[in-house]
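As stored in target-v6.cif (mmCIF, C-alpha atoms):
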data_entry
#
loop_
_atom_site.label_atom_id
_atom_site.label_comp_id
_atom_site.auth_asym_id
_atom_site.auth_seq_id
_atom_site.Cartn_x
_atom_site.Cartn_y
_atom_site.Cartn_z
CA MET A 1 -61.44 34.13 -17.06
CA ALA A 2 -63.35 37.33 -17.80
CA ARG A 3 -60.17 39.35 -17.29
CA ALA A 4 -58.46 37.34 -20.02
CA LEU A 5 -61.02 38.20 -22.73
CA PRO A 6 -59.90 40.73 -25.34
CA LYS A 7 -60.74 44.22 -24.06
CA GLU A 8 -61.96 45.59 -27.38
CA TRP A 9 -64.32 42.66 -27.94
CA ASP A 10 -67.89 44.04 -28.16
CA ILE A 11 -69.97 41.39 -26.41
CA GLU A 12 -72.50 40.94 -23.67
CA LEU A 13 -71.03 38.70 -21.02
CA SER A 14 -73.10 36.40 -18.79
CA PHE A 15 -71.80 34.25 -15.96
CA ALA A 16 -73.14 30.86 -14.95
CA GLY A 17 -72.26 29.29 -11.60
CA ASN A 18 -72.79 25.74 -12.80
CA GLY A 19 -73.65 23.69 -15.86
CA GLN A 20 -77.41 23.96 -15.47
CA GLU A 21 -77.23 27.76 -15.26
CA ALA A 22 -75.12 27.68 -18.42
CA LEU A 23 -77.79 25.66 -20.28
CA ASP A 24 -80.50 28.04 -19.03
CA ALA A 25 -78.47 31.00 -20.31
CA ILE A 26 -78.05 29.38 -23.72
CA HIS A 27 -81.82 28.75 -23.88
CA GLU A 28 -82.29 32.47 -23.19
CA GLY A 29 -80.04 33.28 -26.13
CA LYS A 30 -77.20 34.49 -23.93
CA GLY A 31 -74.56 32.08 -25.13
CA ASP A 32 -73.45 32.30 -28.75
CA ILE A 33 -70.01 31.40 -27.45
CA LEU A 34 -69.59 29.38 -24.28
CA PHE A 35 -66.37 29.19 -22.27
CA LEU A 36 -66.96 25.99 -20.35
CA ASP A 37 -65.22 24.64 -17.26
CA LEU A 38 -65.36 20.89 -16.65
CA THR A 39 -65.45 20.60 -12.86
CA MET A 40 -68.67 22.27 -11.68
CA PRO A 41 -71.44 21.54 -9.20
CA VAL A 42 -74.98 20.45 -10.25
CA LEU A 43 -74.04 19.63 -13.85
CA ASP A 44 -70.41 19.30 -14.96
CA GLY A 45 -68.89 20.32 -18.26
CA TYR A 46 -69.30 16.89 -19.85
CA GLY A 47 -72.99 16.96 -18.95
CA VAL A 48 -73.35 20.40 -20.53
CA LEU A 49 -71.72 19.20 -23.75
CA GLU A 50 -74.04 16.18 -23.85
CA ALA A 51 -77.10 18.37 -23.34
CA ILE A 52 -75.99 20.85 -26.01
CA ARG A 53 -75.57 18.02 -28.47
CA ALA A 54 -78.82 16.24 -27.51
CA GLN A 55 -80.85 19.45 -27.79
CA ASP A 56 -78.85 20.75 -30.75
CA LEU A 57 -78.35 24.10 -29.03
CA PRO A 58 -76.87 26.97 -31.05
CA THR A 59 -73.60 27.69 -29.24
CA MET A 60 -69.90 27.37 -29.89
CA VAL A 61 -68.14 25.71 -26.97
CA ILE A 62 -64.57 26.38 -25.93
CA VAL A 63 -63.61 24.27 -22.94
CA VAL A 64 -61.36 25.94 -20.37
CA SER A 65 -60.06 23.44 -17.86
CA GLY A 66 -57.25 22.54 -15.51
CA ASP A 67 -57.73 18.89 -16.48
CA ILE A 68 -54.73 18.44 -18.76
CA GLN A 69 -55.04 14.66 -19.13
CA PRO A 70 -55.11 13.77 -22.84
CA GLU A 71 -58.30 11.75 -22.28
CA ALA A 72 -60.15 14.83 -21.01
CA ARG A 73 -59.30 16.71 -24.18
CA GLU A 74 -60.34 13.77 -26.38
CA ARG A 75 -63.62 13.35 -24.50
CA VAL A 76 -64.67 16.98 -24.87
CA ARG A 77 -63.69 17.05 -28.54
CA GLY A 78 -65.72 13.89 -29.02
CA LEU A 79 -68.67 15.60 -27.37
CA GLY A 80 -68.50 18.48 -29.81
CA ALA A 81 -66.33 21.14 -28.14
CA LEU A 82 -64.50 23.29 -30.69
CA GLU A 83 -61.39 23.85 -28.64
CA PHE A 84 -59.75 23.02 -25.36
CA ILE A 85 -57.75 25.66 -23.49
CA LYS A 86 -55.58 24.73 -20.53
CA LYS A 87 -55.84 26.75 -17.36
CA PRO A 88 -54.34 29.10 -16.34
CA ILE A 89 -55.73 30.98 -19.27
CA THR A 90 -53.97 33.84 -21.05
CA THR A 91 -55.31 36.64 -23.23
CA ASP A 92 -52.88 35.62 -25.98
CA LYS A 93 -54.29 32.10 -26.11
CA ILE A 94 -57.88 33.32 -26.26
CA ASN A 95 -57.01 35.84 -28.96
CA GLU A 96 -55.30 33.12 -30.98
CA ILE A 97 -58.33 30.84 -30.86
CA LEU A 98 -60.92 33.55 -31.48
CA THR A 99 -58.86 34.73 -34.43
CA ALA A 100 -58.45 31.21 -35.79
CA TYR A 101 -62.23 30.77 -35.83
CA GLY A 102 -62.76 34.19 -37.38
CA ILE A 103 -64.68 35.39 -34.32
CA ILE A 104 -62.44 38.41 -33.92
CA ALA A 105 -60.33 40.00 -36.62
CA MET B 1 -55.00 37.96 15.46
CA SER B 2 -58.77 38.48 15.36
CA ASP B 3 -61.10 35.93 13.83
CA ASN B 4 -62.16 38.44 11.20
CA GLU B 5 -58.77 38.47 9.60
CA LEU B 6 -58.94 34.75 9.04
CA VAL B 7 -62.14 34.69 7.04
CA LEU B 8 -61.65 34.35 3.32
CA ASN B 9 -63.31 37.00 1.22
CA GLU B 10 -65.00 35.83 -1.93
CA GLU B 11 -62.33 37.12 -4.30
CA LEU B 12 -59.53 35.33 -2.48
CA ARG B 13 -61.58 32.15 -2.24
CA ASP B 14 -62.01 32.27 -6.03
CA VAL B 15 -58.26 32.72 -6.46
CA TYR B 16 -57.52 29.71 -4.24
CA GLN B 17 -60.20 27.69 -6.01
CA GLU B 18 -58.63 28.45 -9.39
CA VAL B 19 -55.01 27.88 -8.42
CA THR B 20 -56.04 24.63 -6.70
CA ASN B 21 -57.95 23.62 -9.80
CA VAL B 22 -54.89 24.09 -12.00
CA ALA B 23 -52.45 22.46 -9.57
CA MET B 24 -54.71 19.45 -8.97
CA GLY B 25 -55.01 19.00 -12.73
CA GLN B 26 -51.24 18.92 -13.11
CA ALA B 27 -50.90 16.48 -10.21
CA ALA B 28 -53.64 14.28 -11.67
CA ASP B 29 -51.93 14.27 -15.03
CA SER B 30 -48.67 13.04 -13.43
CA LEU B 31 -50.54 10.26 -11.65
CA ALA B 32 -52.49 9.36 -14.79
CA ARG B 33 -49.24 8.95 -16.72
CA LEU B 34 -47.65 6.85 -13.97
CA LEU B 35 -50.59 4.46 -13.66
CA ASP B 36 -51.90 4.75 -17.23
CA VAL B 37 -55.40 5.63 -16.02
CA PHE B 38 -57.85 8.50 -16.14
CA VAL B 39 -58.03 10.44 -12.89
CA VAL B 40 -61.47 11.88 -12.14
CA LEU B 41 -61.15 15.47 -10.99
CA PRO B 42 -63.52 16.74 -8.31
CA ILE B 43 -64.42 20.28 -7.33
CA PRO B 44 -61.71 21.22 -4.85
CA ASN B 45 -62.77 22.37 -1.39
CA VAL B 46 -61.20 25.56 -0.10
CA ASN B 47 -61.90 26.44 3.52
CA ILE B 48 -60.58 27.99 6.66
CA LEU B 49 -61.31 25.48 9.38
CA GLU B 50 -60.76 24.96 13.07
CA ALA B 51 -58.90 21.77 13.92
CA GLY B 52 -62.17 20.19 15.07
CA GLU B 53 -63.95 21.02 11.84
CA LEU B 54 -61.05 19.61 9.89
CA GLN B 55 -61.55 16.30 11.65
CA MET B 56 -65.23 16.29 10.70
CA ALA B 57 -64.47 17.18 7.10
CA LEU B 58 -61.98 14.33 6.88
CA GLN B 59 -64.31 11.86 8.50
CA SER B 60 -66.98 12.48 5.89
CA ALA B 61 -64.38 12.02 3.14
CA SER B 62 -63.15 8.67 4.42
CA ASP B 63 -66.59 7.09 4.46
CA ASN B 64 -65.76 5.45 7.80
CA GLU B 65 -63.29 3.14 6.14
CA SER B 66 -59.86 2.54 7.63
CA VAL B 67 -57.18 4.70 6.06
CA SER B 68 -53.44 5.07 5.66
CA ALA B 69 -51.78 8.45 5.46
CA VAL B 70 -48.52 10.24 4.92
CA CYS B 71 -47.71 13.90 5.36
CA GLN B 72 -44.98 16.11 4.06
CA GLY B 73 -44.10 19.61 5.22
CA PHE B 74 -43.16 22.40 2.85
CA ILE B 75 -42.00 25.97 3.20
CA GLY B 76 -41.30 28.95 0.99
CA LYS B 77 -41.52 32.76 0.99
CA GLY B 78 -42.74 32.88 4.59
CA VAL B 79 -45.46 30.29 3.97
CA ALA B 80 -45.33 26.95 5.77
CA GLY B 81 -47.73 24.09 5.28
CA GLU B 82 -48.31 20.38 5.42
CA ALA B 83 -49.47 18.18 2.58
CA LEU B 84 -51.43 15.09 3.58
CA LEU B 85 -52.28 12.16 1.38
CA ILE B 86 -54.91 9.85 2.81
CA PHE B 87 -55.82 6.57 1.13
CA ASN B 88 -58.79 4.40 1.81
CA ASP B 89 -57.19 1.06 2.62
CA SER B 90 -59.33 -0.70 0.03
CA SER B 91 -57.43 1.26 -2.65
CA PHE B 92 -54.17 -0.66 -2.31
CA HIS B 93 -55.31 -3.75 -4.16
CA ASP B 94 -55.88 -1.81 -7.38
CA ILE B 95 -52.87 0.45 -6.88
CA ALA B 96 -50.59 -2.58 -6.58
CA LYS B 97 -52.11 -4.00 -9.75
CA LEU B 98 -51.61 -0.76 -11.68
CA MET B 99 -48.03 -0.42 -10.41
CA LYS B 100 -47.51 -3.98 -11.72
CA TYR B 101 -46.64 -5.24 -8.28
CA GLU B 102 -46.94 -8.99 -7.96
CA GLY B 103 -46.87 -10.83 -4.69
CA GLU B 104 -48.38 -10.32 -1.30
CA ILE B 105 -49.48 -6.78 -0.58
CA ASP B 106 -48.33 -6.53 3.01
CA ASP B 107 -47.94 -3.39 5.09
CA ALA B 108 -44.43 -2.68 3.85
CA VAL B 109 -45.57 -2.89 0.22
CA GLN B 110 -48.58 -0.69 0.89
CA LEU B 111 -46.35 1.88 2.50
CA GLU B 112 -44.00 1.88 -0.45
CA LEU B 113 -46.89 2.31 -2.90
CA GLU B 114 -48.34 5.09 -0.82
CA MET B 115 -44.97 6.87 -0.59
CA ASP B 116 -44.49 6.62 -4.37
CA ILE B 117 -47.87 8.10 -5.12
CA ALA B 118 -47.56 10.72 -2.39
CA SER B 119 -44.28 11.96 -3.77
CA ILE B 120 -45.77 12.30 -7.26
CA LEU B 121 -49.06 13.91 -6.27
CA ILE B 122 -47.64 16.21 -3.60
CA GLY B 123 -44.60 17.17 -5.66
CA ALA B 124 -46.63 17.96 -8.77
CA PHE B 125 -49.30 19.81 -6.80
CA LEU B 126 -46.76 22.00 -4.98
CA ASN B 127 -44.95 22.74 -8.24
CA GLY B 128 -48.22 23.79 -9.85
CA LEU B 129 -49.15 25.94 -6.89
CA ALA B 130 -45.71 27.56 -6.63
CA GLU B 131 -45.55 28.28 -10.35
CA GLN B 132 -48.84 30.14 -10.32
CA LEU B 133 -47.97 32.11 -7.20
CA ASP B 134 -44.48 32.87 -8.52
CA MET B 135 -42.74 31.28 -5.55
CA SER B 136 -41.03 28.02 -4.76
CA PHE B 137 -41.41 25.51 -1.95
CA SER B 138 -38.80 23.40 -0.24
CA GLN B 139 -40.21 20.04 0.76
CA GLY B 140 -39.36 18.10 3.89
CA HIS B 141 -39.24 14.34 4.13
CA PRO B 142 -42.53 12.47 3.96
CA VAL B 143 -43.68 11.07 7.29
CA VAL B 144 -46.05 8.16 7.87
CA LEU B 145 -49.02 9.31 9.92
CA GLY B 146 -50.58 5.90 10.25
CA GLN B 147 -51.59 2.68 8.56
CA HIS B 148 -55.01 1.06 8.79
CA CYS B 149 -56.35 3.55 11.26
CA ASP B 150 -59.53 5.46 11.82
CA ILE B 151 -59.23 8.94 10.37
CA SER B 152 -60.18 10.55 13.67
CA ASP B 153 -57.07 9.02 15.26
CA LEU B 154 -54.88 10.58 12.60
CA ILE B 155 -56.05 14.07 13.27
CA SER B 156 -56.64 14.05 16.99
CA ALA B 157 -53.16 12.67 17.54
CA ASN B 158 -51.65 15.46 15.51
CA SER B 159 -53.97 18.41 15.86
CA THR B 160 -52.80 19.95 19.10
CA ARG B 161 -50.43 22.28 17.32
CA TRP B 162 -53.04 23.50 14.86
CA ASN B 163 -55.47 26.25 15.57
CA LYS B 164 -57.05 27.55 12.38
CA VAL B 165 -55.96 26.13 9.08
CA LEU B 166 -56.51 27.04 5.46
CA THR B 167 -57.30 23.76 3.73
CA LEU B 168 -57.21 22.93 0.04
CA GLU B 169 -58.83 19.52 -0.34
CA ILE B 170 -58.95 17.35 -3.42
CA ASN B 171 -60.65 13.99 -3.46
CA TYR B 172 -59.19 11.99 -6.32
CA THR B 173 -60.81 8.87 -7.69
CA ILE B 174 -59.66 6.78 -10.61
CA LYS B 175 -61.97 5.78 -13.42
CA ASP B 176 -62.73 2.05 -13.60
CA HIS B 177 -60.69 1.30 -10.44
CA ASN B 178 -61.45 1.19 -6.75
CA ILE B 179 -58.98 3.87 -5.74
CA ASN B 180 -59.90 6.79 -3.56
CA CYS B 181 -57.50 9.25 -1.99
CA ASP B 182 -57.70 12.65 -0.43
CA LEU B 183 -54.97 15.19 -1.01
CA LEU B 184 -55.00 17.95 1.59
CA LEU B 185 -52.87 21.03 1.76
CA LEU B 186 -52.95 22.65 5.17
CA PHE B 187 -51.59 26.10 5.90
CA SER B 188 -51.15 27.07 9.52
CA ASP B 189 -52.71 30.29 10.79
CA ASP B 190 -49.44 32.20 10.87
CA SER B 191 -48.98 31.49 7.14
CA ILE B 192 -52.46 32.43 5.97
CA ASP B 193 -51.92 36.21 5.95
CA ARG B 194 -48.74 35.88 3.95
CA LEU B 195 -50.34 33.45 1.50
CA ASN B 196 -53.35 35.77 1.11
CA GLU B 197 -50.96 38.57 0.28
CA ILE B 198 -49.18 36.48 -2.36
CA ALA B 199 -52.47 35.20 -3.80
CA SER B 200 -53.93 38.69 -4.01
CA TYR B 201 -51.34 39.63 -6.67
CA LEU B 202 -53.30 37.38 -9.01
CA LEU B 203 -56.28 39.72 -8.66
CA GLU B 204 -54.41 42.62 -10.22
#
Starting from the file, lay out its structure as structure tokens.
Amino acid sequence: MARALPKEWDIELSFAGNGQEALDAIHEGKGDILFLDLTMPVLDGYGVLEAIRAQDLPTMVIVVSGDIQPEARERVRGLGALEFIKKPITTDKINEILTAYGIIA
Amino acid sequence: MSDNELVLNEELRDVYQEVTNVAMGQAADSLARLLDVFVVLPIPNVNILEAGELQMALQSASDNESVSAVCQGFIGKGVAGEALLIFNDSSFHDIAKLMKYEGEIDDAVQLELEMDIASILIGAFLNGLAEQLDMSFSQGHPVVLGQHCDISDLISANSTRWNKVLTLEINYTIKDHNINCDLLLLFSDDSIDRLNEIASYLLE
């Protein structure tokens, strides 16, 4: 995932091993943009999206998942994710989405 | 071959975890379309196990229920493996319903249902795996390992030719239905080095 991010993108990157660590990182201000997997131990991606919504946390969520069932995409959109990217991820796809949201020029 | 060579380093484990994740998603999507359901995706287990450990891992997955299983061999680019699909026997009632099968669900019907689902899940998983690793697999014919048996019988009866195996394990369940199956990909010890080599290209 990290290898697919645009090289010239000036950001500080933090990694979370599970959903709870991701929420902790957002609370610490380390997650303006969150690339979120769905299958994770402790707290899965759906749980993270629910928590972000319930606590109104300031982060933009882009789900990155191998779950290509249409229902998975609908569920995460319904829970407030901006975008859904299918794994395996490519730099082109990330660039396209970051550009579409005006995050990179 | 020394034991050391057969331990997965963290980078390779991550690669296998990711390729399994993608392939299991593609297989789940095929099954979801066939049955018109939502397949719940687990965290896949990636391990190098001894045959004895494999038996223990399977036993915990089956929840001590009786199971039915088929396996299918595959080979490609110097890598040989077996795919196993193990169903909890209690799954067949709902599977038959979803496949719109009416009538008595006897052993022959259960076998047919299991073969249908095995061919979809195993075929789609192997395609997904091969695509990511830039290879292709030839599949053998599916073989029935057993019906209504204890999982320990399945493995002990067949494990003599295995020493160490790389296992990719996915426990699929289906939302709102009582269906539970375990998809296992087993790679024999003489294939692990070659597969590691192929998988390590993804790290570059």
Give me, as a ChimeraX atom specification, the contact residues of chain B against chain A at a cut-off of 12 Å, counting all atoms listed in the file.
/B:14-15,17-34,36-45,128-129,131-133,170,175,202-204
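Taking all atoms listed in the file into account, those protein, DNA and RNA residues with any atom at most 6 Å away from (-64.8, 25.0, -24.7) amount to Phe35, Leu36, Val61, Ile62, Val63, Val64, Ala81, Glu83 and Phe84 of chain A.
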Show which residues sit within 12 Å of Pro6 (chain A), as a PyMOL selection string. Count only C-alpha atoms, and ignore same-chain residues fewer than 5 positions away.
chain A and resi 1+11+90-99+103-105
Leu145 (chain B) environment, 12 Å, all atoms listed in the file, sequence neighbours closer than 4 positions dropped, as an MDAnalysis selection string:
chainID B and resid 67:72 82:87 111 114:115 149:159
Do a neighbour search on Phe15 (chain A) at 9 Å with only C-alpha atoms, toss out local chain neighbours closer than 4 positions, and write the hits as a list in words.
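Final neighbour list, sorted by chain and number: Glu21, Ala22 and Ala25 of chain A.
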Include C-alpha atoms and write out the residues we just selected as a PDB file, keeping the file's coordinate frame.
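Final file, again14.pdb:
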ATOM      1  CA  GLU A  21     -77.230  27.760 -15.260  1.00  0.00           C
ATOM      2  CA  ALA A  22     -75.120  27.680 -18.420  1.00  0.00           C
ATOM      3  CA  ALA A  25     -78.470  31.000 -20.310  1.00  0.00           C
TER       4      ALA A  25
END
Please report the interatomic distance between CA of Gly80 (chain A) and CA of Ala100 (chain A) in Å with one decimal.
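One can read the CA of Gly80 (chain A) to CA of Ala100 (chain A) distance as 17.3 Å.
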Counting only C-alpha atoms, which residue out of B:Leu12, B:Val144, B:Phe92, B:Leu113 sits closest to Ile192 (chain B)?
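Comparing B:Leu12, B:Val144, B:Phe92, B:Leu113 against Ile192 (chain B), the winner is B:Leu12.
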What residues come out when you apply the PyMOL selection byres ((chain B and resi 95) around 12) to this file, written as a PDB file with C-alpha atoms, in the frame of the given file?
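Writing the result to selection_9.pdb gives the following:
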ATOM      1  CA  LEU B  31     -50.540  10.260 -11.650  1.00  0.00           C
ATOM      2  CA  ALA B  32     -52.490   9.360 -14.790  1.00  0.00           C
ATOM      3  CA  LEU B  34     -47.650   6.850 -13.970  1.00  0.00           C
ATOM      4  CA  LEU B  35     -50.590   4.460 -13.660  1.00  0.00           C
ATOM      5  CA  ASP B  36     -51.900   4.750 -17.230  1.00  0.00           C
ATOM      6  CA  VAL B  37     -55.400   5.630 -16.020  1.00  0.00           C
ATOM      7  CA  PHE B  87     -55.820   6.570   1.130  1.00  0.00           C
ATOM      8  CA  ASN B  88     -58.790   4.400   1.810  1.00  0.00           C
ATOM      9  CA  ASP B  89     -57.190   1.060   2.620  1.00  0.00           C
ATOM     10  CA  SER B  90     -59.330  -0.700   0.030  1.00  0.00           C
ATOM     11  CA  SER B  91     -57.430   1.260  -2.650  1.00  0.00           C
ATOM     12  CA  PHE B  92     -54.170  -0.660  -2.310  1.00  0.00           C
ATOM     13  CA  HIS B  93     -55.310  -3.750  -4.160  1.00  0.00           C
ATOM     14  CA  ASP B  94     -55.880  -1.810  -7.380  1.00  0.00           C
ATOM     15  CA  ALA B  96     -50.590  -2.580  -6.580  1.00  0.00           C
ATOM     16  CA  LYS B  97     -52.110  -4.000  -9.750  1.00  0.00           C
ATOM     17  CA  LEU B  98     -51.610  -0.760 -11.680  1.00  0.00           C
ATOM     18  CA  MET B  99     -48.030  -0.420 -10.410  1.00  0.00           C
ATOM     19  CA  LYS B 100     -47.510  -3.980 -11.720  1.00  0.00           C
ATOM     20  CA  TYR B 101     -46.640  -5.240  -8.280  1.00  0.00           C
ATOM     21  CA  GLU B 102     -46.940  -8.990  -7.960  1.00  0.00           C
ATOM     22  CA  ILE B 105     -49.480  -6.780  -0.580  1.00  0.00           C
ATOM     23  CA  VAL B 109     -45.570  -2.890   0.220  1.00  0.00           C
ATOM     24  CA  GLN B 110     -48.580  -0.690   0.890  1.00  0.00           C
ATOM     25  CA  LEU B 111     -46.350   1.880   2.500  1.00  0.00           C
ATOM     26  CA  GLU B 112     -44.000   1.880  -0.450  1.00  0.00           C
ATOM     27  CA  LEU B 113     -46.890   2.310  -2.900  1.00  0.00           C
ATOM     28  CA  GLU B 114     -48.340   5.090  -0.820  1.00  0.00           C
ATOM     29  CA  MET B 115     -44.970   6.870  -0.590  1.00  0.00           C
ATOM     30  CA  ASP B 116     -44.490   6.620  -4.370  1.00  0.00           C
ATOM     31  CA  ILE B 117     -47.870   8.100  -5.120  1.00  0.00           C
ATOM     32  CA  THR B 173     -60.810   8.870  -7.690  1.00  0.00           C
ATOM     33  CA  ILE B 174     -59.660   6.780 -10.610  1.00  0.00           C
ATOM     34  CA  HIS B 177     -60.690   1.300 -10.440  1.00  0.00           C
ATOM     35  CA  ASN B 178     -61.450   1.190  -6.750  1.00  0.00           C
ATOM     36  CA  ILE B 179     -58.980   3.870  -5.740  1.00  0.00           C
ATOM     37  CA  ASN B 180     -59.900   6.790  -3.560  1.00  0.00           C
ATOM     38  CA  CYS B 181     -57.500   9.250  -1.990  1.00  0.00           C
TER      39      CYS B 181
END
Smallest atom-to-atom distance to Ser188 (chain B): which of B:Leu49, B:Ala108, B:Ala124, B:Ala80, using only C-alpha atoms?
B:Ala80
Exactly which residues make up the result of the PyMOL selection byres ((chain A and resi 79) around 9) on this file, given as a PyMOL selection string?
chain A and resi 46+49-50+53+74-78+80-81
Please measure the separation of CA of Met135 (chain B) and CA of Leu5 (chain A), giving the value in Å to one decimal.
26.0 Å
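The space separating CA of Thr167 (chain B) from CA of Leu185 (chain B) comes to 5.6 Å.
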Do a neighbour search on Glu12 (chain A) at 12 Å with only C-alpha atoms, toss out local chain neighbours closer than 5 positions, and write the hits as a list of chain:residue names.
A:Ala2, A:Leu5, A:Gly29, A:Lys30, A:Gly31, A:Asp32, A:Ile33, A:Leu34
Expected axis-aligned box over every listed atom of region 142-151 of chain B, 3 Å added per side, centre plus edges in Å to one decimal, as lines of an AutoDock Vina configuration file:
center_x = -51.0
center_y = 6.8
center_z = 7.9
size_x = 23.0
size_y = 17.4
size_z = 13.9
Residues selected by the PyMOL selection byres ((chain B and resi 139) around 8), written as number ranges by chain
B: 72-75, 137-138, 140-141
